[in-house]
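Taking it in order: structure first as structure tokens, then the write-up.
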Amino acid sequence: FVVACEASGAGRWADSRNWVYDFDADLRAGLRCTFTLKAGLKALDGRAVGGTRTFTFDTGGPSIERSMPYEGWSGIDEEQVFLLKLDAPATPESIARHAYCIIDGLAERVPVTVLRGQERQEVLAQSRKLGYAYFSLLWKDGFSSVARVRDQALEEAEDLVVALKCQRRLPNATRVQLVWGAGITGPGGIATRRAQSLPFQVRAAFTATLECTRTEPRAGCTPTRPIRVRFSAPVAREQAMAARLRLGTEARSPDAQEHAQSKQVESITFKPPFPENVNASLELPAQLKDEAGRALQNAARFPLAVRIDEYPPLVKFSGELGVLEAQEGGVLPVTLRNVDEPAAGEST
């Protein structure tokens with residue numbers, strides 16, 4: 001055969017009837033190879049070889065090998081840029097035509113925008129700062145890095161990375177599928193025949209919620225237990241510590257010992273005890289933002305009114321340790337608080 005193929009290899013006779021061509025390495029995607037029977041080929045008895053004279057196969061269009069964020073990630077950004085490592089180059093025009101996003105609750109497909117030129121280079125430059133996560137996209141193991149690569153390996157690997165995003169802001173806490181559709185082609189014109197779908201989940205909106213212990217759902221906060229504020233995403237500790245719990249004329253600060261060594265926090269705590277039967281107010285910094293720069297979605301709820309309830313009923317020994325004489329008898333002090341006397345006919 002006359003072999004027309006960009007991949008190198010060698011042919012050999014396996015026996016008197018079967019001819020085999022061995023490629024030197026695994027074939028990449030987007031490759032087309034043609035084998036043409038040489039003119040004048042004859043059988044041992046002198047008859048010319050008939051039948052099909054040209055055989056062609058291809059390795060299919062470019063497909064996704066790995067992605068960043070990885071497939072199934074449940075915290076993607078509302079304006080997420082997806083980095084897709086392909087097994088062969090793909091033309092941006094065919095990607096824009098055949099790739100799309102499917103968003104839960106939305107009937108139509110959402111087209112994608114393929115980042116190119118300077119915009120793409122800026123995204124890749126930022127991604128390199130992530131270290132292992134990004135380099136494992138390029139080389140699987142992630143151990144090769146900018147510092148270790150001395151030749152064109154980094155540029156060659158990044159040539160196979162496509163950066164794209166959905167042409168619509170993604171709703172919070174929503175499932176999204178990035179579809180690499182059939183028909184995406186490489187420079188040689190070989191197209192994908194089947195679609196690939198990568199599922200993701202958009203992160204929740206940035207919100208703040210107050211938590212406290214209550215004796216029952218409609219009661220106020222128990223004055224003997226901490227009051228905690230939780231953020232749905234990390235915030236700068238310095239910003240979070242500017243929150244105040246106003247108890248009448250008192251403005252109480254969060255517990256400074258909590259997360260003292262952290263630069264970012266996901267909760268703050270106001271330590272008890274609190275005065276009973278007080279209408280308090282939780283104030284958060286006006287420009288509070290999470291690590292991604294998102295403003296608080298439920299900022300309109302703050303200052304948040306907080307009702308501090310009365311001290312709950314209590315019957316307990318006033319100390320952790322007491323001794324009763326076996327023969328002499330004895331008395332242990334007991335603390336009573338807000339315990340009603342039993343009505344007539346009731347037993348304690």
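In the structure tokens, the first chain shown is A, the next is B, and so on; residue numbers restart at 1 for each chain, and ligands run from 1 in the order shown.
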
Neighbouring residues of Phe274 in chain A were defined as those with any atom within 8 Å, considering only C-alpha atoms; residues of the same chain fewer than 6 positions away were excluded. Please report them as a PyMOL selection string. chain A and resi 223-224+308

Let's have the selection written as a PDB file, in the first residue's frame, with C-alpha atoms.
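So again-v2.pdb came out as:
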```pdb
ATOM      1  CA  PRO A 223     -29.722  34.645  76.355  1.00  0.00           C
ATOM      2  CA  THR A 224     -27.359  31.985  77.709  1.00  0.00           C
ATOM      3  CA  ILE A 308     -33.553  38.030  73.074  1.00  0.00           C
TER       4      ILE A 308
END
```

Which one of A:Val278, A:Val123, A:Ala107, A:Leu296 sits closest to Ser232 in chain A if you count only C-alpha atoms?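 When distances to Ser232 in chain A are compared using only C-alpha atoms, the smallest one comes from A:Leu296.
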
From range 214-292 of chain A, collect each residue whose DSSP state is alpha helix (DSSP H) and return the set as a ChimeraX atom specification. /A:237-240

Close residues, Ser63 in chain A itself excluded, 10 Å, only C-alpha atoms, min 2 positions apart in chain, as a list in words: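 The residues satisfying every condition are Ala29, Gly30, Gly60, Gly61, Glu65, Arg66, Leu84, Lys85, Leu86, Asp87, Ala88, Pro89, Ala90, Trp180, Gly181, Ala182, Ile184, Thr185, Gly186, Ala191, Thr192, Arg193, Arg194, Ala195 and Gln196 of chain A.
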
Write the selection just made, keeping N, CA, C and O atoms, as a compact mmCIF listing (two decimals), in the first residue's frame?
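Final output, out-v7.txt:
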```txt
# COMPACT_ATOMS: atom_id res chain seq x y z
N ALA A 29 -6.64 12.58 17.82
CA ALA A 29 -7.91 12.85 17.14
C ALA A 29 -7.67 13.78 15.96
O ALA A 29 -6.62 14.42 15.84
N GLY A 30 -8.65 13.84 15.07
CA GLY A 30 -8.56 14.74 13.92
C GLY A 30 -7.62 14.28 12.84
O GLY A 30 -7.17 15.08 12.02
N GLY A 60 -11.76 10.67 14.21
CA GLY A 60 -12.85 11.45 14.80
C GLY A 60 -12.46 12.89 15.10
O GLY A 60 -11.28 13.25 15.07
N GLY A 61 -13.47 13.68 15.37
CA GLY A 61 -13.24 15.09 15.67
C GLY A 61 -12.70 15.30 17.07
O GLY A 61 -12.60 14.38 17.87
N GLU A 65 -10.90 16.02 26.82
CA GLU A 65 -10.21 15.06 27.69
C GLU A 65 -10.42 15.39 29.16
O GLU A 65 -10.73 14.54 29.98
N ARG A 66 -10.22 16.67 29.52
CA ARG A 66 -10.37 17.12 30.90
C ARG A 66 -10.90 18.55 30.89
O ARG A 66 -10.82 19.25 29.87
N LEU A 84 -11.18 23.85 28.64
CA LEU A 84 -11.37 22.49 28.14
C LEU A 84 -10.09 22.02 27.45
O LEU A 84 -9.63 22.66 26.49
N LYS A 85 -9.52 20.94 27.97
CA LYS A 85 -8.33 20.34 27.34
C LYS A 85 -8.83 19.33 26.30
O LYS A 85 -9.51 18.36 26.63
N LEU A 86 -8.48 19.57 25.03
CA LEU A 86 -8.95 18.73 23.94
C LEU A 86 -7.87 17.72 23.55
O LEU A 86 -6.70 17.89 23.88
N ASP A 87 -8.29 16.71 22.81
CA ASP A 87 -7.31 15.73 22.30
C ASP A 87 -6.82 16.10 20.91
O ASP A 87 -5.99 15.40 20.33
N ALA A 88 -7.34 17.22 20.36
CA ALA A 88 -6.90 17.72 19.07
C ALA A 88 -7.41 19.15 18.93
O ALA A 88 -8.40 19.53 19.58
N PRO A 89 -6.78 19.97 18.11
CA PRO A 89 -7.26 21.34 17.94
C PRO A 89 -8.67 21.37 17.35
O PRO A 89 -9.08 20.47 16.61
N ALA A 90 -9.42 22.42 17.69
CA ALA A 90 -10.77 22.62 17.16
C ALA A 90 -10.89 24.05 16.68
O ALA A 90 -10.31 24.97 17.27
N TRP A 180 -20.67 19.77 24.40
CA TRP A 180 -19.71 19.81 23.29
C TRP A 180 -20.37 19.01 22.16
O TRP A 180 -20.31 17.79 22.11
N GLY A 181 -21.04 19.70 21.26
CA GLY A 181 -21.95 19.05 20.34
C GLY A 181 -21.30 18.34 19.17
O GLY A 181 -20.11 18.53 18.87
N ALA A 182 -22.09 17.56 18.47
CA ALA A 182 -21.64 16.92 17.24
C ALA A 182 -21.47 17.99 16.17
O ALA A 182 -22.24 18.94 16.10
N ILE A 184 -18.40 19.65 15.71
CA ILE A 184 -17.23 20.48 15.97
C ILE A 184 -16.04 19.88 15.23
O ILE A 184 -15.76 18.68 15.34
N THR A 185 -15.34 20.70 14.49
CA THR A 185 -14.29 20.20 13.60
C THR A 185 -12.92 20.74 13.98
O THR A 185 -12.79 21.78 14.64
N GLY A 186 -11.91 20.02 13.54
CA GLY A 186 -10.53 20.47 13.65
C GLY A 186 -10.11 21.15 12.35
O GLY A 186 -10.90 21.25 11.40
N ALA A 191 -15.10 16.07 11.86
CA ALA A 191 -16.06 16.56 12.86
C ALA A 191 -16.38 15.50 13.90
O ALA A 191 -16.28 14.28 13.65
N THR A 192 -16.77 15.97 15.07
CA THR A 192 -17.27 15.05 16.11
C THR A 192 -18.60 14.48 15.66
O THR A 192 -19.42 15.16 15.02
N ARG A 193 -18.84 13.24 15.99
CA ARG A 193 -20.08 12.57 15.59
C ARG A 193 -21.07 12.44 16.74
O ARG A 193 -22.26 12.25 16.52
N ARG A 194 -20.55 12.53 17.96
CA ARG A 194 -21.42 12.41 19.14
C ARG A 194 -21.13 13.56 20.09
O ARG A 194 -20.01 14.06 20.18
N ALA A 195 -22.17 13.98 20.81
CA ALA A 195 -22.03 15.09 21.75
C ALA A 195 -21.49 14.61 23.09
O ALA A 195 -21.76 13.48 23.51
N GLN A 196 -20.70 15.47 23.74
CA GLN A 196 -20.27 15.25 25.12
C GLN A 196 -20.99 16.26 26.01
O GLN A 196 -21.16 17.42 25.63
```

Using only C-alpha atoms, pick whichever of A:Ala48, A:Ala305, A:Ile268, A:Val334 has the shortest atom-to-atom distance to Cys221 in chain A.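 Looking only at the distances to Cys221 in chain A, the closest residue turns out to be A:Ala305.
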
What's around range 249-257 of chain A at 7 Å? Count only C-alpha atoms, leave out sequence neighbours fewer than 3 positions away in its own chain, and write the answer as a list in words.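 Everything that qualifies: Met241, Ala243, Arg244, Leu245, Arg246, Ala260, Ile268, Thr269, Phe270 and Lys271 of chain A.
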
Would you put the residues from that selection into a file with N, CA, C and O atoms, as a CSV table (one decimal), in the first residue's frame?
```
chain,number,residue,atom,x,y,z
A,241,MET,N,-15.5,41.1,61.1
A,241,MET,CA,-15.4,41.5,62.5
A,241,MET,C,-16.0,42.9,62.7
A,241,MET,O,-16.1,43.4,63.9
A,243,ALA,N,-19.0,43.6,62.1
A,243,ALA,CA,-20.4,43.5,62.4
A,243,ALA,C,-20.6,43.8,63.9
A,243,ALA,O,-19.7,43.6,64.8
A,244,ARG,N,-21.8,44.2,64.2
A,244,ARG,CA,-22.2,44.6,65.6
A,244,ARG,C,-23.6,44.1,66.0
A,244,ARG,O,-24.5,44.1,65.1
A,245,LEU,N,-23.7,43.6,67.2
A,245,LEU,CA,-25.0,43.2,67.8
A,245,LEU,C,-25.4,44.3,68.8
A,245,LEU,O,-24.7,44.4,69.8
A,246,ARG,N,-26.3,45.1,68.5
A,246,ARG,CA,-26.8,46.2,69.3
A,246,ARG,C,-27.8,45.7,70.3
A,246,ARG,O,-28.9,45.3,69.9
A,260,ALA,N,-8.8,33.5,64.9
A,260,ALA,CA,-7.9,34.6,65.1
A,260,ALA,C,-6.8,34.5,64.0
A,260,ALA,O,-6.2,35.6,63.7
A,268,ILE,N,-19.2,34.2,62.2
A,268,ILE,CA,-18.7,34.9,63.4
A,268,ILE,C,-19.7,34.6,64.6
A,268,ILE,O,-20.8,34.2,64.3
A,269,THR,N,-19.2,34.8,65.8
A,269,THR,CA,-20.0,34.4,67.0
A,269,THR,C,-20.0,35.6,68.0
A,269,THR,O,-19.0,36.2,68.2
A,270,PHE,N,-21.2,35.8,68.5
A,270,PHE,CA,-21.3,36.8,69.6
A,270,PHE,C,-21.5,35.9,70.9
A,270,PHE,O,-22.4,35.1,70.9
A,271,LYS,N,-20.6,36.2,71.8
A,271,LYS,CA,-20.6,35.3,73.0
A,271,LYS,C,-21.7,35.8,74.0
A,271,LYS,O,-22.0,37.0,74.2
```

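Shortest separation to Val202 in chain A among A:Ala163, A:Leu154, A:Leu170, A:Leu304 occurs at residue A:Leu170, atoms counted being only C-alpha atoms.
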
Work out how far CA of Ser281 in chain A is from CA of Asn338 in chain A, in Å to one decimal.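 Separation between CA of Asn338 in chain A and CA of Ser281 in chain A: 25.7 Å.
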
Go through A:Gly189, A:Lys129, A:Lys42, A:Glu158 and flag the residue nearest Thr91 in chain A, using only C-alpha atoms for the distances.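 Distance minimum relative to Thr91 in chain A lands on A:Gly189.
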
What lies within 12 Å of Tyr311 in chain A using only C-alpha atoms, ignoring chain neighbours under 6 positions off, as a PyMOL selection string? chain A and resi 213-215+219-225+272-278+336-339

Atoms to include: all heavy atoms. Write the selected residues as a short mmCIF file (atom, residue, chain, number, x, y, z; two decimals), in the first residue's frame.
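Printed below is again-v7.cif as written:
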```
data_model
loop_
_atom_site.label_atom_id
_atom_site.label_comp_id
_atom_site.auth_asym_id
_atom_site.auth_seq_id
_atom_site.Cartn_x
_atom_site.Cartn_y
_atom_site.Cartn_z
N THR A 213 -29.98 29.58 69.58
CA THR A 213 -30.75 28.54 70.25
C THR A 213 -32.07 29.13 70.74
O THR A 213 -32.10 30.22 71.32
CB THR A 213 -29.97 27.98 71.44
OG1 THR A 213 -28.72 27.46 70.97
CG2 THR A 213 -30.75 26.86 72.13
N ARG A 214 -33.17 28.40 70.49
CA ARG A 214 -34.50 28.84 70.91
C ARG A 214 -35.18 27.69 71.65
O ARG A 214 -34.96 26.52 71.33
CB ARG A 214 -35.35 29.25 69.72
CG ARG A 214 -34.70 30.31 68.83
CD ARG A 214 -35.52 30.55 67.57
NE ARG A 214 -34.82 31.39 66.61
CZ ARG A 214 -34.93 32.71 66.56
NH1 ARG A 214 -35.73 33.32 67.43
NH2 ARG A 214 -34.25 33.42 65.67
N THR A 215 -36.01 28.02 72.60
CA THR A 215 -36.74 26.99 73.34
C THR A 215 -37.85 26.38 72.49
O THR A 215 -38.24 25.23 72.69
CB THR A 215 -37.34 27.55 74.63
OG1 THR A 215 -38.15 28.69 74.32
CG2 THR A 215 -36.24 27.97 75.59
N ALA A 219 -39.99 31.34 69.65
CA ALA A 219 -39.38 32.06 70.78
C ALA A 219 -38.19 32.87 70.30
O ALA A 219 -37.67 32.70 69.19
CB ALA A 219 -38.95 31.06 71.84
N GLY A 220 -37.74 33.79 71.15
CA GLY A 220 -36.54 34.56 70.86
C GLY A 220 -35.30 33.74 71.14
O GLY A 220 -35.36 32.57 71.53
N CYS A 221 -34.15 34.37 70.95
CA CYS A 221 -32.89 33.69 71.19
C CYS A 221 -32.66 33.51 72.69
O CYS A 221 -32.95 34.41 73.49
CB CYS A 221 -31.74 34.49 70.61
SG CYS A 221 -31.78 34.64 68.81
N THR A 222 -32.16 32.34 73.07
CA THR A 222 -31.86 32.07 74.47
C THR A 222 -30.67 32.92 74.91
O THR A 222 -29.61 32.88 74.27
CB THR A 222 -31.53 30.58 74.66
OG1 THR A 222 -32.64 29.79 74.21
CG2 THR A 222 -31.25 30.27 76.11
N PRO A 223 -30.80 33.72 75.98
CA PRO A 223 -29.72 34.64 76.36
C PRO A 223 -28.46 33.98 76.87
O PRO A 223 -27.42 34.62 76.99
CB PRO A 223 -30.38 35.51 77.44
CG PRO A 223 -31.49 34.69 77.97
CD PRO A 223 -31.99 33.85 76.84
N THR A 224 -28.53 32.68 77.18
CA THR A 224 -27.36 31.98 77.71
C THR A 224 -26.56 31.25 76.63
O THR A 224 -25.56 30.62 76.93
CB THR A 224 -27.79 30.97 78.77
OG1 THR A 224 -28.71 30.04 78.19
CG2 THR A 224 -28.43 31.66 79.95
N ARG A 225 -27.00 31.33 75.38
CA ARG A 225 -26.33 30.61 74.30
C ARG A 225 -25.79 31.59 73.25
O ARG A 225 -26.31 32.69 73.09
CB ARG A 225 -27.31 29.63 73.62
CG ARG A 225 -27.91 28.60 74.57
CD ARG A 225 -26.84 27.67 75.09
NE ARG A 225 -26.20 26.93 74.01
CZ ARG A 225 -25.08 26.25 74.13
NH1 ARG A 225 -24.45 26.22 75.30
NH2 ARG A 225 -24.58 25.61 73.10
N PRO A 272 -22.35 34.79 74.70
CA PRO A 272 -23.30 35.11 75.75
C PRO A 272 -22.55 35.42 77.06
O PRO A 272 -21.32 35.31 77.09
CB PRO A 272 -24.11 33.81 75.85
CG PRO A 272 -23.11 32.74 75.51
CD PRO A 272 -22.20 33.35 74.48
N PRO A 273 -23.25 35.80 78.13
CA PRO A 273 -24.71 35.94 78.20
C PRO A 273 -25.18 37.28 77.64
O PRO A 273 -24.40 38.22 77.53
CB PRO A 273 -24.98 35.84 79.69
CG PRO A 273 -23.74 36.43 80.32
CD PRO A 273 -22.60 36.00 79.44
N PHE A 274 -26.49 37.33 77.31
CA PHE A 274 -27.10 38.55 76.82
C PHE A 274 -28.20 38.97 77.81
O PHE A 274 -28.77 38.13 78.52
CB PHE A 274 -27.73 38.32 75.44
CG PHE A 274 -26.76 37.78 74.43
CD1 PHE A 274 -26.80 36.44 74.06
CD2 PHE A 274 -25.82 38.60 73.84
CE1 PHE A 274 -25.91 35.93 73.12
CE2 PHE A 274 -24.92 38.10 72.90
CZ PHE A 274 -24.97 36.77 72.54
N PRO A 275 -28.52 40.25 77.88
CA PRO A 275 -29.63 40.67 78.74
C PRO A 275 -30.93 40.06 78.25
O PRO A 275 -31.15 39.94 77.05
CB PRO A 275 -29.61 42.19 78.61
CG PRO A 275 -28.88 42.47 77.34
CD PRO A 275 -27.87 41.38 77.19
N GLU A 276 -31.79 39.67 79.17
CA GLU A 276 -33.04 39.02 78.77
C GLU A 276 -34.10 40.05 78.40
O GLU A 276 -34.03 41.22 78.78
CB GLU A 276 -33.55 38.11 79.89
CG GLU A 276 -33.90 38.81 81.18
CD GLU A 276 -34.43 37.83 82.21
OE1 GLU A 276 -34.89 36.75 81.83
OE2 GLU A 276 -34.39 38.15 83.40
N ASN A 277 -35.07 39.57 77.61
CA ASN A 277 -36.22 40.40 77.18
C ASN A 277 -35.77 41.71 76.54
O ASN A 277 -36.20 42.80 76.92
CB ASN A 277 -37.14 40.68 78.37
CG ASN A 277 -37.83 39.41 78.87
OD1 ASN A 277 -38.20 38.54 78.07
ND2 ASN A 277 -37.97 39.29 80.18
N VAL A 278 -34.88 41.58 75.54
CA VAL A 278 -34.35 42.76 74.86
C VAL A 278 -34.58 42.61 73.36
O VAL A 278 -34.42 41.52 72.80
CB VAL A 278 -32.84 42.93 75.15
CG1 VAL A 278 -32.22 43.98 74.24
CG2 VAL A 278 -32.60 43.29 76.59
N LEU A 336 -32.48 27.35 91.32
CA LEU A 336 -33.78 27.37 90.66
C LEU A 336 -33.94 28.70 89.95
O LEU A 336 -33.64 29.76 90.50
CB LEU A 336 -34.91 27.21 91.68
CG LEU A 336 -34.93 25.92 92.51
CD1 LEU A 336 -36.10 25.94 93.49
CD2 LEU A 336 -35.05 24.71 91.61
N ARG A 337 -34.44 28.65 88.71
CA ARG A 337 -34.67 29.89 87.98
C ARG A 337 -35.91 29.73 87.11
O ARG A 337 -36.03 28.80 86.31
CB ARG A 337 -33.46 30.22 87.08
CG ARG A 337 -33.60 31.55 86.33
CD ARG A 337 -32.37 31.86 85.51
NE ARG A 337 -32.25 30.92 84.38
CZ ARG A 337 -31.10 30.51 83.90
NH1 ARG A 337 -29.96 30.89 84.44
NH2 ARG A 337 -31.08 29.66 82.88
N ASN A 338 -36.86 30.66 87.26
CA ASN A 338 -38.09 30.70 86.46
C ASN A 338 -38.88 29.40 86.50
O ASN A 338 -39.52 29.02 85.53
CB ASN A 338 -37.77 31.01 84.98
CG ASN A 338 -37.18 32.39 84.80
OD1 ASN A 338 -37.23 33.22 85.71
ND2 ASN A 338 -36.62 32.65 83.63
N VAL A 339 -38.83 28.70 87.63
CA VAL A 339 -39.56 27.46 87.77
C VAL A 339 -40.87 27.77 88.50
O VAL A 339 -40.86 28.22 89.64
CB VAL A 339 -38.74 26.41 88.55
CG1 VAL A 339 -39.55 25.13 88.70
CG2 VAL A 339 -37.44 26.12 87.82
#
```
